[in-house]
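*Asks:* Take a look at the following structure, please.
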Amino acid sequence: MNSVKIEDLRKKYGNVNALDGLNIQVDSGSVFGFLGPNGAGKTTTLRILAGLAQADSGSIFFGSENTSKSGTDQKARLGYLPEEPAFYGWMSPREYLDYVGKIFKLEAKERQLRVDQLLEKSGLKEAAKRRIAGFSRGMRQRLGIAQALMNHPSLLLLDEPVSALDPAGRKEVLEMIEGLSSECTVIMSSHILADVERVCDTVGIINKGKLITQAKKQDLLDRYAIPALEITTSNGSASLMPEWKLRLEKLPAITGVTVEGYRFHLAVKDVHTSQQEVMQDALHHNVTFEKLEVVKPSLEDIFMQLTGSLK
Ligand SMILES: Nc1ncnc2c1ncn2[C@@H]1O[C@H](COP(=O)(O)OP(=O)(O)OP(=O)(O)O)[C@@H](O)[C@H]1O
Ligand SMILES: [Mg+2]
């Protein structure tokens, strides 16, 4: 397994600074969630790491080795799933994985063993002889990850592995990714925060080719914890919601109110005081509600907070 350090990485496309002095540290054995809005530079970074594009300047270290200086071919240690993987639809996954094994020059016996392992790992054993053309998107992505694992990489790069999938496909692929950290370091890009929140232990947020913040997921959730309350109104109070919203917005300890269906999401200065204010208001105006609870901010809240103002 490899740790990865990216130092002051720069890449220009014409006038566009795709990477503008990017710094990232990925610990060995972690599943690193690489987050950022469209055009932030995620794919560019992963392509440079995979050796498919060249940086204008900057350094990449695999472990303690500076790859730009050592001149070692890194491909043997890397697995890469591109944003839009392409397959030969007429092949079966067994044939396709065998073909990838040949590219990596694996001996026939070793290849067969690895193909069987990967069909098992990707949950495609049952479909081993079917044509890829008939596969669902989730199956394709799992096959894409399987092919990236063929050479036992110590670093696996996954570019938006779940973004185009429906909830069922997403679950299958995320479950596969969750099980990979024991064999390699994983860097996975995404703009679906719930997915990153589920499988990644470390998160790096980038915008406009620069790192905004990087931290252990839990530290990030704690550090940017904005206290919030959620009120679930009772059925009978639905018609009172607009009026109640106006009053809630005026309460001193409440900084913002959003409505989702029958629920109010309240950003607050102080949980205790705001709870008291809400209760007093409800009592005073005879409004009933089903639930009043303190909620944790999601990675989504933090992401919007960190990237929103910089867009
Ligand atoms: N081959 C290229 N030619 C010209 N501009 C490019 C090229 N590749 C990337 N860019 C530009 O570099 C910036 C970063 O793009 P990149 O694809 O790395 O972003 P991303 O974070 O992967 O975005 P997305 O979430 O949309 O996949 C964008 O402004 C993009 O237009
Ligand atoms: Mg991209």
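Residue numbering restarts at 1 for every chain of the structure tokens, chains are lettered A, B, ... in their displayed order, and ligands are numbered from 1 as they appear.
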Give me the chain A side of the contact with ligand 2, cut-off 9 Å, one line per residue showing its nearest atom pair and distance in Å at one decimal, counting only C-alpha atoms and all ligand atoms, sorted by chain and residue number, as CSV.
*Replies:*
```
residue,atom,partner,partner_atom_place_in_ligand_line,distance
A:Asn38,CA,ligand 2,1 (Mg),6.9
A:Gly39,CA,ligand 2,1 (Mg),6.8
A:Ala40,CA,ligand 2,1 (Mg),8.0
A:Gly41,CA,ligand 2,1 (Mg),6.9
A:Lys42,CA,ligand 2,1 (Mg),5.4
A:Thr43,CA,ligand 2,1 (Mg),4.0
A:Thr44,CA,ligand 2,1 (Mg),7.2
A:Leu46,CA,ligand 2,1 (Mg),8.8
A:Pro82,CA,ligand 2,1 (Mg),9.0
A:Glu83,CA,ligand 2,1 (Mg),6.5
A:Asp159,CA,ligand 2,1 (Mg),6.7
A:Glu160,CA,ligand 2,1 (Mg),7.1
A:Ser189,CA,ligand 2,1 (Mg),7.8
A:Ser190,CA,ligand 2,1 (Mg),8.2
```
*Asks:* Could you write those residues out with C-alpha atoms, as a JSON list (two decimals), in the first residue's frame?
*Replies:*
```json
[["chain", "number", "residue", "atom", "x", "y", "z"],
["A", 38, "ASN", "CA", -17.87, 20.51, -11.50],
["A", 39, "GLY", "CA", -14.64, 21.73, -13.02],
["A", 40, "ALA", "CA", -12.78, 21.76, -9.68],
["A", 41, "GLY", "CA", -9.91, 19.68, -11.08],
["A", 42, "LYS", "CA", -10.71, 16.20, -9.77],
["A", 43, "THR", "CA", -10.37, 14.34, -13.07],
["A", 44, "THR", "CA", -7.26, 16.32, -14.00],
["A", 46, "LEU", "CA", -6.55, 11.64, -11.08],
["A", 82, "PRO", "CA", -11.97, 6.54, -15.61],
["A", 83, "GLU", "CA", -15.02, 8.78, -15.41],
["A", 159, "ASP", "CA", -13.19, 8.80, -10.89],
["A", 160, "GLU", "CA", -16.86, 9.27, -9.96],
["A", 189, "SER", "CA", -13.76, 11.40, -6.58],
["A", 190, "SER", "CA", -17.39, 12.33, -6.31]]
```
*Asks:* Please provide as a list of chain:residue names all residues within 12 Å of Met279 in chain A, with the sequence filter that same-chain residues fewer than 4 positions apart are discarded (counting only C-alpha atoms).
*Replies:*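 Counting only the stated atoms, we get A:Ile231, A:Leu248, A:Leu251, A:His272, A:Thr273, A:Ser274, A:Gln275, A:Leu283, A:His284, A:His285, A:Asn286, A:Val287, A:Thr288, A:Phe289, A:Lys291, A:Leu292, A:Glu293.
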*Asks:* Only N, CA and C atoms, please: the residues just picked out, written as a PDB file, in the first residue's frame.
*Replies:*
```
ATOM      1  N   ILE A 231     -37.662  20.473  13.237  1.00  0.00           N
ATOM      2  CA  ILE A 231     -39.014  20.334  13.785  1.00  0.00           C
ATOM      3  C   ILE A 231     -39.865  19.603  12.767  1.00  0.00           C
ATOM      4  N   LEU A 248     -40.417  32.047  13.292  1.00  0.00           N
ATOM      5  CA  LEU A 248     -39.168  31.347  13.659  1.00  0.00           C
ATOM      6  C   LEU A 248     -37.952  32.147  13.204  1.00  0.00           C
ATOM      7  N   LEU A 251     -36.800  34.751  15.655  1.00  0.00           N
ATOM      8  CA  LEU A 251     -36.323  34.385  17.001  1.00  0.00           C
ATOM      9  C   LEU A 251     -34.820  34.648  17.097  1.00  0.00           C
ATOM     10  N   HIS A 272     -29.555  25.165  23.099  1.00  0.00           N
ATOM     11  CA  HIS A 272     -30.427  25.226  24.277  1.00  0.00           C
ATOM     12  C   HIS A 272     -31.397  26.408  24.198  1.00  0.00           C
ATOM     13  N   THR A 273     -30.844  27.602  23.940  1.00  0.00           N
ATOM     14  CA  THR A 273     -31.695  28.800  23.884  1.00  0.00           C
ATOM     15  C   THR A 273     -32.713  28.694  22.753  1.00  0.00           C
ATOM     16  N   SER A 274     -32.266  28.230  21.601  1.00  0.00           N
ATOM     17  CA  SER A 274     -33.196  28.165  20.474  1.00  0.00           C
ATOM     18  C   SER A 274     -34.316  27.172  20.744  1.00  0.00           C
ATOM     19  N   GLN A 275     -33.982  26.073  21.433  1.00  0.00           N
ATOM     20  CA  GLN A 275     -35.038  25.106  21.778  1.00  0.00           C
ATOM     21  C   GLN A 275     -36.094  25.778  22.652  1.00  0.00           C
ATOM     22  N   LEU A 283     -46.057  27.274  22.204  1.00  0.00           N
ATOM     23  CA  LEU A 283     -47.033  27.321  23.283  1.00  0.00           C
ATOM     24  C   LEU A 283     -47.907  28.569  23.157  1.00  0.00           C
ATOM     25  N   HIS A 284     -47.239  29.663  22.944  1.00  0.00           N
ATOM     26  CA  HIS A 284     -47.919  30.958  22.864  1.00  0.00           C
ATOM     27  C   HIS A 284     -48.925  31.001  21.706  1.00  0.00           C
ATOM     28  N   HIS A 285     -48.559  30.422  20.582  1.00  0.00           N
ATOM     29  CA  HIS A 285     -49.442  30.478  19.410  1.00  0.00           C
ATOM     30  C   HIS A 285     -50.234  29.194  19.209  1.00  0.00           C
ATOM     31  N   ASN A 286     -50.159  28.326  20.203  1.00  0.00           N
ATOM     32  CA  ASN A 286     -50.952  27.107  20.158  1.00  0.00           C
ATOM     33  C   ASN A 286     -50.643  26.221  18.936  1.00  0.00           C
ATOM     34  N   VAL A 287     -49.359  26.126  18.592  1.00  0.00           N
ATOM     35  CA  VAL A 287     -48.989  25.259  17.458  1.00  0.00           C
ATOM     36  C   VAL A 287     -48.498  23.946  18.035  1.00  0.00           C
ATOM     37  N   THR A 288     -48.897  22.851  17.421  1.00  0.00           N
ATOM     38  CA  THR A 288     -48.392  21.546  17.894  1.00  0.00           C
ATOM     39  C   THR A 288     -47.405  20.991  16.866  1.00  0.00           C
ATOM     40  N   PHE A 289     -46.475  20.209  17.356  1.00  0.00           N
ATOM     41  CA  PHE A 289     -45.554  19.538  16.433  1.00  0.00           C
ATOM     42  C   PHE A 289     -45.270  18.139  16.944  1.00  0.00           C
ATOM     43  N   LYS A 291     -42.199  16.400  16.563  1.00  0.00           N
ATOM     44  CA  LYS A 291     -40.838  16.136  17.021  1.00  0.00           C
ATOM     45  C   LYS A 291     -39.988  17.394  16.950  1.00  0.00           C
ATOM     46  N   LEU A 292     -39.166  17.595  17.967  1.00  0.00           N
ATOM     47  CA  LEU A 292     -38.174  18.673  17.925  1.00  0.00           C
ATOM     48  C   LEU A 292     -36.834  18.024  18.268  1.00  0.00           C
ATOM     49  N   GLU A 293     -35.913  18.006  17.331  1.00  0.00           N
ATOM     50  CA  GLU A 293     -34.662  17.293  17.629  1.00  0.00           C
ATOM     51  C   GLU A 293     -33.437  18.083  17.193  1.00  0.00           C
TER      52      GLU A 293
END
```
*Asks:* Could you pull the residues within 8 Å of Gly256 in chain A, counting only C-alpha atoms, minus those fewer than 5 positions along the same chain, as a ChimeraX atom specification?
*Replies:* /A:249,266-268
*Asks:* How would the residues just chosen look if you wrote them out with N, CA and C atoms as an mmCIF file, in the first residue's frame?
*Replies:*
```cif
data_model
loop_
_atom_site.group_PDB
_atom_site.id
_atom_site.type_symbol
_atom_site.label_atom_id
_atom_site.label_comp_id
_atom_site.auth_asym_id
_atom_site.auth_seq_id
_atom_site.Cartn_x
_atom_site.Cartn_y
_atom_site.Cartn_z
ATOM 1 N N GLU A 249 -38.069 32.724 12.014
ATOM 2 C CA GLU A 249 -36.942 33.495 11.466
ATOM 3 C C GLU A 249 -36.576 34.689 12.344
ATOM 4 N N LEU A 266 -33.612 24.264 11.156
ATOM 5 C CA LEU A 266 -33.232 25.553 11.731
ATOM 6 C C LEU A 266 -31.745 25.608 12.008
ATOM 7 N N ALA A 267 -31.058 26.576 11.417
ATOM 8 C CA ALA A 267 -29.671 26.836 11.790
ATOM 9 C C ALA A 267 -29.735 27.731 13.020
ATOM 10 N N VAL A 268 -28.982 27.362 14.051
ATOM 11 C CA VAL A 268 -29.122 28.088 15.319
ATOM 12 C C VAL A 268 -27.774 28.535 15.875
#
```
*Asks:* Kindly give the distance, in Å, that separates CA of Leu19 in chain A and CA of Gln214 in chain A, rounded to a single decimal.
*Replies:*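 Going from CA of Leu19 in chain A over to CA of Gln214 in chain A covers 16.2 Å.
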*Asks:* What's the 10 Å shell around Glu178 in chain A, counting only C-alpha atoms, without same-chain residues fewer than 3 positions away, as a ChimeraX atom specification?
*Replies:* /A:31,173-175,181-182,186,198-200
